[in-house]
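J.: Provided below: data37.txt, containing compact mmCIF, C-alpha atoms.
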```txt
# COMPACT_ATOMS: atom_id res chain seq x y z
CA MET S 1 50.39 -131.35 -44.08
CA LYS S 2 51.70 -129.80 -40.87
CA LYS S 3 52.80 -126.78 -42.89
CA ILE S 4 49.35 -126.38 -44.33
CA LEU S 5 47.84 -126.62 -40.88
CA ALA S 6 50.30 -124.11 -39.50
CA VAL S 7 49.64 -121.65 -42.32
CA SER S 8 45.90 -122.11 -41.91
CA ALA S 9 46.16 -121.44 -38.19
CA VAL S 10 48.18 -118.29 -38.78
CA LEU S 11 45.73 -117.09 -41.41
CA PHE S 12 42.79 -117.80 -39.09
CA LEU S 13 44.38 -115.88 -36.24
CA ALA S 14 45.23 -112.98 -38.53
CA LEU S 15 41.67 -112.92 -39.82
CA ALA S 16 40.32 -113.02 -36.28
CA VAL S 17 42.46 -110.03 -35.34
CA ILE S 18 41.23 -108.09 -38.37
CA VAL S 19 37.59 -108.96 -37.94
CA SER S 20 37.20 -108.83 -34.17
CA PRO S 21 37.34 -105.00 -33.73
CA GLY S 22 34.50 -104.74 -36.21
CA LEU S 23 32.46 -107.26 -34.32
CA ALA S 24 33.05 -105.53 -31.03
CA SER S 25 31.91 -102.12 -32.25
CA GLN S 26 28.18 -101.14 -31.90
CA LEU S 27 26.10 -100.16 -34.84
CA SER S 28 23.89 -97.18 -34.04
CA SER S 29 21.08 -95.65 -36.01
CA ASN S 30 19.61 -92.18 -35.77
CA GLN S 31 17.30 -91.87 -32.76
CA ALA S 32 13.71 -91.93 -33.92
CA SER S 33 11.00 -90.19 -31.96
CA VAL S 34 7.24 -89.83 -32.21
CA ASN S 35 5.65 -86.71 -30.83
CA LEU S 36 2.48 -87.50 -28.92
CA ASN S 37 -0.30 -85.00 -28.54
CA TYR S 38 -3.58 -85.43 -26.70
CA VAL S 39 -5.92 -82.55 -26.07
CA ILE S 40 -8.55 -82.75 -23.35
CA GLY S 41 -10.89 -79.86 -23.98
CA GLU S 42 -12.28 -77.74 -21.21
CA SER S 43 -15.89 -78.52 -20.42
CA LEU S 44 -18.71 -77.52 -18.12
CA THR S 45 -21.72 -79.76 -17.52
CA VAL S 46 -24.82 -78.68 -15.66
CA SER S 47 -27.75 -80.87 -14.78
CA ALA S 48 -30.81 -80.64 -12.61
CA THR S 49 -32.89 -83.40 -11.07
CA PRO S 50 -35.83 -83.77 -11.24
CA SER S 51 -36.53 -81.97 -14.50
CA THR S 52 -39.78 -80.48 -13.14
CA ALA S 53 -41.01 -79.66 -9.64
CA THR S 54 -44.45 -79.19 -8.12
CA PHE S 55 -45.49 -77.10 -5.11
CA SER S 56 -47.53 -78.91 -2.49
CA GLY S 57 -48.51 -78.64 1.17
CA ALA S 58 -50.10 -75.99 3.40
CA THR S 59 -47.08 -73.80 2.73
CA PRO S 60 -46.57 -74.73 -0.92
CA THR S 61 -43.07 -76.19 -1.20
CA THR S 62 -41.28 -78.18 -3.87
CA GLY S 63 -39.18 -81.23 -3.28
CA VAL S 64 -35.41 -80.82 -3.43
CA ILE S 65 -34.07 -79.80 -6.85
CA SER S 66 -30.45 -80.92 -7.16
CA ILE S 67 -28.35 -78.75 -9.44
CA SER S 68 -25.16 -80.56 -10.37
CA THR S 69 -22.14 -78.81 -11.87
CA VAL S 70 -19.19 -80.74 -13.28
CA TRP S 71 -16.17 -78.87 -14.60
CA ASN S 72 -12.83 -79.64 -16.19
CA LEU S 73 -10.82 -76.48 -16.78
CA ALA S 74 -7.35 -75.29 -17.70
CA SER S 75 -4.94 -74.08 -15.06
CA ASN S 76 -5.27 -70.35 -15.63
CA ARG S 77 -9.00 -70.06 -15.09
CA SER S 78 -10.49 -68.11 -12.23
CA GLY S 79 -13.61 -69.96 -11.18
CA VAL S 80 -17.04 -71.37 -11.92
CA TRP S 81 -20.23 -69.59 -10.86
CA ILE S 82 -23.83 -70.70 -10.75
CA ASN S 83 -27.07 -68.76 -10.27
CA TRP S 84 -30.74 -69.61 -10.49
CA GLY S 85 -33.95 -67.62 -10.66
CA PHE S 86 -36.75 -66.47 -12.95
CA SER S 87 -37.10 -64.46 -16.12
CA SER S 88 -39.61 -61.99 -14.69
CA PRO S 89 -39.85 -60.36 -11.25
CA THR S 90 -43.55 -59.75 -11.77
CA ALA S 91 -44.48 -63.19 -13.09
CA ALA S 92 -42.33 -66.03 -11.78
CA LEU S 93 -45.35 -68.27 -12.14
CA SER S 94 -48.42 -67.59 -14.21
CA ASN S 95 -51.79 -69.22 -14.74
CA GLY S 96 -51.80 -68.15 -18.38
CA SER S 97 -54.91 -66.03 -17.85
CA GLY S 98 -53.32 -62.88 -16.54
CA SER S 99 -52.82 -63.89 -12.92
CA ASN S 100 -49.22 -64.11 -11.77
CA ILE S 101 -47.12 -64.97 -8.75
CA PRO S 102 -44.24 -62.50 -8.54
CA SER S 103 -40.72 -63.65 -7.72
CA SER S 104 -40.97 -61.74 -4.42
CA GLU S 105 -43.46 -64.41 -3.30
CA VAL S 106 -41.21 -67.27 -4.35
CA PHE S 107 -38.57 -68.13 -1.79
CA ALA S 108 -35.61 -70.45 -2.16
CA ASN S 109 -33.18 -72.13 0.17
CA ILE S 110 -30.08 -74.17 -0.36
CA ASN S 111 -29.20 -77.32 1.49
CA GLY S 112 -32.08 -76.87 3.95
CA GLY S 113 -30.98 -73.36 5.00
CA ALA S 114 -33.10 -70.27 5.50
CA TYR S 115 -35.47 -69.25 2.74
CA SER S 116 -34.92 -65.93 0.98
CA ALA S 117 -37.02 -64.20 -1.64
CA CYS S 118 -36.14 -64.53 -5.32
CA THR S 119 -35.41 -60.82 -5.68
CA GLN S 120 -31.63 -60.70 -6.05
CA THR S 121 -29.89 -58.94 -8.93
CA ALA S 122 -26.88 -61.13 -9.77
CA PHE S 123 -26.13 -62.25 -13.34
CA THR S 124 -27.83 -59.29 -14.94
CA ASN S 125 -29.93 -59.56 -18.07
CA VAL S 126 -28.91 -62.90 -19.44
CA SER S 127 -30.83 -65.66 -21.11
CA GLY S 128 -34.04 -65.16 -19.22
CA LEU S 129 -32.58 -64.60 -15.78
CA THR S 130 -33.62 -61.07 -14.97
CA PRO S 131 -32.38 -58.66 -12.30
CA GLY S 132 -34.75 -58.69 -9.36
CA ALA S 133 -35.82 -62.28 -10.00
CA VAL S 134 -32.67 -64.14 -8.98
CA CYS S 135 -33.12 -66.67 -6.17
CA GLY S 136 -29.53 -67.47 -5.34
CA GLY S 137 -26.10 -68.47 -6.49
CA TYR S 138 -22.53 -68.90 -5.42
CA PRO S 139 -19.07 -69.72 -6.78
CA VAL S 140 -18.90 -73.51 -6.99
CA ALA S 141 -15.15 -73.31 -7.59
CA ILE S 142 -12.54 -70.61 -7.12
CA PHE S 143 -9.10 -71.42 -8.49
CA PRO S 144 -6.43 -72.18 -7.50
CA ALA S 145 -7.99 -73.18 -4.17
CA SER S 146 -10.48 -75.52 -5.87
CA PRO S 147 -9.49 -78.47 -8.05
CA LEU S 148 -9.49 -77.71 -11.79
CA SER S 149 -11.54 -80.81 -12.33
CA GLY S 150 -14.42 -81.36 -9.95
CA SER S 151 -18.12 -81.36 -9.24
CA ASP S 152 -20.63 -79.69 -6.98
CA ILE S 153 -24.25 -80.30 -6.05
CA ALA S 154 -26.60 -77.54 -4.94
CA PRO S 155 -29.76 -78.97 -3.35
CA ILE S 156 -32.36 -76.19 -3.50
CA THR S 157 -36.00 -76.01 -2.46
CA LEU S 158 -38.59 -73.46 -3.56
CA GLN S 159 -41.48 -72.26 -1.42
CA LEU S 160 -44.39 -69.88 -1.99
CA GLN S 161 -44.92 -67.35 0.80
CA GLY S 162 -47.24 -64.39 1.25
CA LEU S 163 -49.60 -65.32 -1.54
CA PRO S 164 -52.68 -63.09 -1.63
CA THR S 165 -55.83 -64.90 -0.58
CA ALA S 166 -57.56 -63.46 -3.62
CA LEU S 167 -55.26 -65.28 -6.05
CA PRO S 168 -57.60 -66.86 -8.61
CA ALA S 169 -57.83 -70.62 -8.71
CA GLY S 170 -55.90 -72.25 -11.49
CA THR S 171 -52.70 -74.03 -12.37
CA TYR S 172 -49.64 -71.81 -12.08
CA THR S 173 -46.48 -72.71 -13.96
CA GLY S 174 -43.06 -71.15 -14.38
CA THR S 175 -39.50 -71.96 -15.38
CA LEU S 176 -36.50 -71.90 -13.09
CA GLN S 177 -33.52 -70.56 -15.04
CA ILE S 178 -30.16 -72.06 -14.07
CA ILE S 179 -27.00 -70.35 -15.31
CA ALA S 180 -23.48 -71.62 -14.86
CA GLY S 181 -20.37 -70.12 -16.35
CA ALA S 182 -16.62 -69.67 -16.21
CA ILE S 183 -14.81 -66.70 -17.67
CA MET U 184 -41.83 -108.52 -15.64
CA LYS U 185 -40.95 -106.78 -18.92
CA LYS U 186 -43.75 -104.27 -18.30
CA ALA U 187 -42.43 -103.54 -14.83
CA ILE U 188 -38.90 -102.95 -16.15
CA ALA U 189 -40.26 -100.69 -18.90
CA LEU U 190 -42.22 -98.66 -16.35
CA ILE U 191 -39.16 -98.30 -14.14
CA VAL U 192 -37.05 -97.16 -17.11
CA LEU U 193 -39.73 -94.66 -18.18
CA GLY U 194 -39.91 -93.35 -14.64
CA LEU U 195 -36.18 -92.89 -14.53
CA ILE U 196 -36.19 -91.07 -17.87
CA GLY U 197 -39.00 -88.79 -16.73
CA ASN U 198 -37.03 -87.69 -13.70
CA ALA U 199 -33.61 -87.89 -15.32
CA ALA U 200 -31.17 -85.06 -14.92
CA ALA U 201 -31.13 -82.92 -18.02
CA ALA U 202 -27.33 -82.83 -18.09
CA GLN U 203 -25.93 -80.41 -20.65
CA THR U 204 -22.32 -79.79 -21.62
CA VAL U 205 -20.53 -76.99 -23.44
CA SER U 206 -16.96 -77.46 -24.65
CA PRO U 207 -14.59 -75.71 -24.98
CA LEU U 208 -15.55 -73.01 -22.51
CA ILE U 209 -13.12 -70.26 -23.41
CA ALA U 210 -11.48 -69.20 -26.67
CA GLU U 211 -9.01 -66.41 -27.46
CA PHE U 212 -8.61 -64.73 -30.83
CA GLY U 213 -6.85 -61.92 -32.62
CA LYS U 214 -8.79 -59.69 -34.95
CA LYS U 215 -10.08 -62.60 -36.97
CA ILE U 216 -12.72 -64.23 -34.79
CA SER U 217 -13.99 -67.51 -36.16
CA GLY U 218 -14.46 -70.62 -34.07
CA ASP U 219 -16.60 -73.51 -32.94
CA PHE U 220 -17.93 -74.99 -29.76
CA THR U 221 -19.88 -78.12 -29.04
CA VAL U 222 -23.13 -78.46 -27.15
CA SER U 223 -24.04 -81.90 -25.84
CA ASN U 224 -27.25 -83.33 -24.51
CA ASN U 225 -26.23 -86.00 -22.02
CA ALA U 226 -29.80 -86.86 -21.17
CA LEU U 227 -31.89 -89.75 -22.46
CA THR U 228 -34.57 -87.39 -23.73
CA PRO U 229 -34.37 -84.94 -26.67
CA GLN U 230 -33.56 -81.36 -25.79
CA ALA U 231 -34.18 -78.08 -27.59
CA VAL U 232 -31.29 -75.66 -27.43
CA THR U 233 -31.18 -72.01 -28.47
CA ILE U 234 -28.00 -70.02 -28.99
CA GLU U 235 -27.68 -66.33 -28.15
CA ALA U 236 -24.81 -63.91 -27.62
CA PHE U 237 -24.17 -61.43 -24.82
CA SER U 238 -21.43 -59.08 -23.79
CA PHE U 239 -19.98 -59.49 -20.35
CA GLY U 240 -17.63 -58.13 -17.74
CA ALA U 241 -16.73 -59.12 -14.20
CA ASP U 242 -17.15 -57.72 -10.73
CA LYS U 243 -14.26 -57.24 -8.31
CA ASP U 244 -14.38 -60.94 -7.35
CA GLY U 245 -14.14 -62.07 -10.96
CA LYS U 246 -17.79 -63.09 -11.07
CA PRO U 247 -19.22 -62.73 -14.59
CA ILE U 248 -21.78 -59.99 -15.20
CA TYR U 249 -23.57 -60.53 -18.49
CA ARG U 250 -25.37 -57.83 -20.45
CA ALA U 251 -26.95 -57.26 -23.83
CA LEU U 252 -24.51 -57.37 -26.73
CA ASP U 253 -22.57 -54.11 -26.98
CA SER U 254 -23.09 -51.96 -30.06
CA GLY U 255 -20.22 -52.46 -32.47
CA ILE U 256 -20.18 -56.23 -31.99
CA ALA U 257 -21.79 -58.47 -34.59
CA VAL U 258 -22.14 -62.21 -34.08
CA ARG U 259 -22.96 -64.61 -36.88
CA LEU U 260 -23.96 -68.11 -35.79
CA SER U 261 -24.22 -71.24 -37.89
CA GLU U 262 -27.54 -71.87 -36.16
CA THR U 263 -29.53 -70.16 -33.46
CA SER U 264 -31.55 -73.17 -32.39
CA ALA U 265 -31.31 -76.92 -32.61
CA ARG U 266 -32.95 -80.05 -31.36
CA LEU U 267 -30.53 -82.47 -29.79
CA GLY U 268 -31.42 -86.12 -29.62
CA PRO U 269 -30.55 -88.23 -26.59
CA LYS U 270 -26.78 -88.31 -26.04
CA ALA U 271 -26.31 -86.14 -29.15
CA SER U 272 -23.86 -83.29 -29.73
CA ARG U 273 -23.85 -80.37 -32.15
CA SER U 274 -21.00 -78.13 -33.22
CA ILE U 275 -21.91 -74.45 -33.39
CA HIS U 276 -19.77 -72.24 -35.62
CA TYR U 277 -19.49 -68.51 -35.06
CA GLN U 278 -17.93 -65.48 -36.65
CA ILE U 279 -17.66 -62.26 -34.70
CA THR U 280 -16.70 -58.77 -35.81
CA CYS U 281 -15.81 -56.08 -33.33
CA VAL U 282 -15.40 -52.37 -33.94
CA ALA U 283 -13.05 -52.01 -30.98
CA TYR U 284 -10.67 -54.32 -29.10
CA PRO U 285 -10.52 -55.98 -26.69
CA CYS U 286 -13.90 -57.50 -27.34
CA GLU U 287 -15.62 -60.11 -25.16
CA VAL U 288 -18.63 -62.18 -26.09
CA ALA U 289 -20.44 -64.95 -24.20
CA ILE U 290 -22.36 -67.24 -26.52
CA PHE U 291 -24.99 -69.00 -24.43
CA ALA U 292 -26.41 -72.41 -25.12
CA ASP U 293 -29.87 -72.30 -23.57
CA PHE U 294 -31.24 -75.76 -22.97
CA VAL U 295 -34.97 -75.33 -22.79
CA GLY U 296 -36.49 -77.49 -20.12
CA LEU U 297 -39.30 -79.95 -20.33
CA HIS U 298 -42.74 -78.40 -20.46
CA THR U 299 -44.75 -78.76 -17.29
CA THR U 300 -48.45 -78.31 -16.79
CA ASN U 301 -48.09 -77.78 -13.07
CA GLY U 302 -45.32 -76.15 -11.04
CA ILE U 303 -41.79 -75.40 -12.17
CA ALA U 304 -39.87 -76.42 -15.27
CA LEU U 305 -36.09 -76.08 -15.44
CA SER U 306 -33.96 -74.40 -18.07
CA ILE U 307 -30.15 -74.56 -18.16
CA HIS U 308 -27.83 -71.91 -19.65
CA VAL U 309 -24.10 -72.44 -20.19
CA PRO U 310 -21.86 -70.03 -22.14
CA HIS U 311 -18.92 -70.43 -24.48
CA VAL U 312 -16.76 -67.36 -23.85
CA VAL U 313 -14.77 -65.51 -26.54
CA TYR U 314 -11.97 -63.01 -25.95
CA ALA U 315 -10.60 -61.06 -28.92
CA CYS U 316 -7.75 -58.55 -28.95
CA GLU U 317 -5.42 -56.87 -31.43
CA LYS U 318 -3.11 -59.86 -30.84
CA VAL U 319 -4.27 -63.26 -29.65
CA LYS U 320 -1.40 -63.88 -27.24
CA GLY U 321 -2.35 -63.01 -23.68
CA CYS U 322 -5.73 -61.64 -24.72
CA ARG U 323 -7.74 -62.98 -21.79
CA ALA U 324 -5.12 -61.82 -19.31
CA LEU U 325 -5.17 -58.37 -20.87
CA VAL U 326 -8.95 -58.18 -20.57
CA ARG U 327 -8.92 -59.35 -16.96
CA LYS U 328 -6.34 -56.69 -16.12
CA SER U 329 -8.60 -54.09 -17.71
CA TRP U 330 -11.31 -55.28 -15.28
CA GLY U 331 -8.94 -54.75 -12.36
CA LEU U 332 -8.37 -58.48 -11.84
CA ASP U 333 -5.13 -60.52 -11.78
CA LYS U 334 -2.94 -57.47 -11.03
```
Can the structure from this file be put into structure tokens for me?

T.:
Amino acid sequence: MKKILAVSAVLFLALAVIVSPGLASQLSSNQASVNLNYVIGESLTVSATPSTATFSGATPTTGVISISTVWNLASNRSGVWINWGFSSPTAALSNGSGSNIPSSEVFANINGGAYSACTQTAFTNVSGLTPGAVCGGYPVAIFPASPLSGSDIAPITLQLQGLPTALPAGTYTGTLQIIAGAI
Amino acid sequence: MKKAIALIVLGLIGNAAAAQTVSPLIAEFGKKISGDFTVSNNALTPQAVTIEAFSFGADKDGKPIYRALDSGIAVRLSETSARLGPKASRSIHYQITCVAYPCEVAIFADFVGLHTTNGIALSIHVPHVVYACEKVKGCRALVRKSWGLDK
């Protein structure tokens, strides 16, 4: 019996010696990886509030029109510009019966500043904004100084000045063209 | 109470910002010019949008100067006008052929403002800009250098 026990013990120890290096070693698989890809597209959003404006008062003036620009651009862009004005220097507003208010008699200011006539020439010949009928504009962002993702609000007010006293009675309407862009 | 809330909501909609988005803003191509951009009406009211193409350059400060489409450039659009519902988007597909390269085109989405019977309506114009060259790589940079920018 003792012999059997002794032989068993020897066999067990021998087995332990054989098996233990295997147990101690680490099994390793190939390293798996998953490539992740998420594209955030560049975008430019422009809005204006309110959507229409009316002139009122002794010196006909609109309420504040807030033009909001929100951009999210890639790192190698140069800037975002905005301009606003009318499609016709001779008829910024019209009564629909042949009587017009030229853009030279429509003045605009920004952020409560000085009024200037809508006779500038920026943003030539595009989408209804005509040279000589531009009210104003500025770069809302110039990169890399400006953040690539940001927003800007331009509070503008329009005013009619120098209207001829002989302007026929009627309701005069027009459309303010707002252009924003990044190239 | 319900009436009051409805009136308030209608009032808000009437004065709501007509927020419009164009994405992506800039695309570069080789000689084969075929792409898409998305116009979105973020407002709670429907918006009419018209699409039109212009050529453009830049002044010394990099400010875009748009002009009528140059001769030798032809732009084919999947649609030239659309009506976007509240919070709706539309993908516009375009194909452009140019006689000479580089070739730059600004495709404007013109969001026509609400009609007004008194005073001023507002209309918003935002372009998707396309640069095309003999080779697509570095096309925009090449064009900007030709304008005297990014020396």

J.: Residues of chain U within 8 Å of chain S, counting all atoms listed in the file - could you list those as JSON, numbers by chain?

T.: {"U": [197, 198, 199, 200, 201, 202, 203, 204, 205, 206, 207, 208, 209, 235, 237, 245, 246, 247, 248, 249, 250, 251, 291, 293, 296, 297, 299, 300, 301, 302, 303, 304, 305, 306, 307, 308, 309, 310, 312]}

J.: Using C-alpha atoms, can you export the residues from the last selection as a PDB file, in the coordinates of the input?

T.:
```pdb
ATOM      1  CA  GLY U 197     -39.000 -88.790 -16.730  1.00  0.00           C
ATOM      2  CA  ASN U 198     -37.030 -87.690 -13.700  1.00  0.00           C
ATOM      3  CA  ALA U 199     -33.610 -87.890 -15.320  1.00  0.00           C
ATOM      4  CA  ALA U 200     -31.170 -85.060 -14.920  1.00  0.00           C
ATOM      5  CA  ALA U 201     -31.130 -82.920 -18.020  1.00  0.00           C
ATOM      6  CA  ALA U 202     -27.330 -82.830 -18.090  1.00  0.00           C
ATOM      7  CA  GLN U 203     -25.930 -80.410 -20.650  1.00  0.00           C
ATOM      8  CA  THR U 204     -22.320 -79.790 -21.620  1.00  0.00           C
ATOM      9  CA  VAL U 205     -20.530 -76.990 -23.440  1.00  0.00           C
ATOM     10  CA  SER U 206     -16.960 -77.460 -24.650  1.00  0.00           C
ATOM     11  CA  PRO U 207     -14.590 -75.710 -24.980  1.00  0.00           C
ATOM     12  CA  LEU U 208     -15.550 -73.010 -22.510  1.00  0.00           C
ATOM     13  CA  ILE U 209     -13.120 -70.260 -23.410  1.00  0.00           C
ATOM     14  CA  GLU U 235     -27.680 -66.330 -28.150  1.00  0.00           C
ATOM     15  CA  PHE U 237     -24.170 -61.430 -24.820  1.00  0.00           C
ATOM     16  CA  GLY U 245     -14.140 -62.070 -10.960  1.00  0.00           C
ATOM     17  CA  LYS U 246     -17.790 -63.090 -11.070  1.00  0.00           C
ATOM     18  CA  PRO U 247     -19.220 -62.730 -14.590  1.00  0.00           C
ATOM     19  CA  ILE U 248     -21.780 -59.990 -15.200  1.00  0.00           C
ATOM     20  CA  TYR U 249     -23.570 -60.530 -18.490  1.00  0.00           C
ATOM     21  CA  ARG U 250     -25.370 -57.830 -20.450  1.00  0.00           C
ATOM     22  CA  ALA U 251     -26.950 -57.260 -23.830  1.00  0.00           C
ATOM     23  CA  PHE U 291     -24.990 -69.000 -24.430  1.00  0.00           C
ATOM     24  CA  ASP U 293     -29.870 -72.300 -23.570  1.00  0.00           C
ATOM     25  CA  GLY U 296     -36.490 -77.490 -20.120  1.00  0.00           C
ATOM     26  CA  LEU U 297     -39.300 -79.950 -20.330  1.00  0.00           C
ATOM     27  CA  THR U 299     -44.750 -78.760 -17.290  1.00  0.00           C
ATOM     28  CA  THR U 300     -48.450 -78.310 -16.790  1.00  0.00           C
ATOM     29  CA  ASN U 301     -48.090 -77.780 -13.070  1.00  0.00           C
ATOM     30  CA  GLY U 302     -45.320 -76.150 -11.040  1.00  0.00           C
ATOM     31  CA  ILE U 303     -41.790 -75.400 -12.170  1.00  0.00           C
ATOM     32  CA  ALA U 304     -39.870 -76.420 -15.270  1.00  0.00           C
ATOM     33  CA  LEU U 305     -36.090 -76.080 -15.440  1.00  0.00           C
ATOM     34  CA  SER U 306     -33.960 -74.400 -18.070  1.00  0.00           C
ATOM     35  CA  ILE U 307     -30.150 -74.560 -18.160  1.00  0.00           C
ATOM     36  CA  HIS U 308     -27.830 -71.910 -19.650  1.00  0.00           C
ATOM     37  CA  VAL U 309     -24.100 -72.440 -20.190  1.00  0.00           C
ATOM     38  CA  PRO U 310     -21.860 -70.030 -22.140  1.00  0.00           C
ATOM     39  CA  VAL U 312     -16.760 -67.360 -23.850  1.00  0.00           C
TER      40      VAL U 312
END
```

J.: So which residues touch Asp333 (chain U) within 8 Å, counting all atoms listed in the file, skipping near sequence neighbours fewer than 5 positions away, as a count of residues only?

T.: 3

J.: For CA of Glu262 (chain U) and CA of Ser274 (chain U), determine how far apart the two atoms are, in Å to one decimal place.

T.: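 About the pair CA of Glu262 (chain U) and CA of Ser274 (chain U): they are 9.5 Å apart.
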
J.: Using CA of Gly218 (chain U) and CA of Asp253 (chain U) as the two end points, give the distance in Å to one decimal.

T.: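 Between CA of Gly218 (chain U) and CA of Asp253 (chain U) the gap is 19.7 Å.
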
J.: Check the smallest atom-to-atom distance from each of U:Ala265, U:Cys316, U:Val222, U:Ile216 to Ile279 (chain U) using all atoms listed in the file, then report the winner.

T.: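 Counting all atoms listed in the file, the residue closest to Ile279 (chain U) is U:Ile216.
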
J.: I'd like the neighbourhood of region 281-285 of chain U as a PyMOL selection string, where a residue qualifies if any of its atoms comes within 8 Å (using only C-alpha atoms), though same-chain residues fewer than 3 positions away should be ignored.

T.: chain U and resi 255-257+314-317+322+326

J.: Could you take the residues named above and write them with C-alpha atoms, as a CSV table (one decimal), in the coordinates of the input?

T.:
```csv
chain,number,residue,atom,x,y,z
U,255,GLY,CA,-20.2,-52.5,-32.5
U,256,ILE,CA,-20.2,-56.2,-32.0
U,257,ALA,CA,-21.8,-58.5,-34.6
U,314,TYR,CA,-12.0,-63.0,-26.0
U,315,ALA,CA,-10.6,-61.1,-28.9
U,316,CYS,CA,-7.8,-58.6,-29.0
U,317,GLU,CA,-5.4,-56.9,-31.4
U,322,CYS,CA,-5.7,-61.6,-24.7
U,326,VAL,CA,-9.0,-58.2,-20.6
```

J.: Give me the residues within 12 Å of Ala166 (chain S) as number ranges by chain, counting all atoms listed in the file and dropping any in the same chain fewer than 5 places off.

T.: S: 99-101

J.: Give me a file of those residues, with C-alpha atoms, as a CSV table (one decimal), keeping the file's coordinate frame.

T.:
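The result, stored in selection.csv:
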```
chain,number,residue,atom,x,y,z
S,99,SER,CA,-52.8,-63.9,-12.9
S,100,ASN,CA,-49.2,-64.1,-11.8
S,101,ILE,CA,-47.1,-65.0,-8.8
```

J.: Just the number, please: distance in Å from CA of Val295 (chain U) to CA of Gly137 (chain S), one decimal.

T.: 19.8 Å

J.: Which residue gives the smallest distance to Ala241 (chain U) among U:Asn224, U:Glu287, U:Val319, U:Glu211, with only C-alpha atoms counted?

T.: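 Closest candidate: U:Glu287.
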
J.: Of the candidates U:Phe294, U:Thr280, U:Lys215, U:Val288, which one gets nearest to Pro229 (chain U) if we count all atoms listed in the file?

T.: U:Phe294
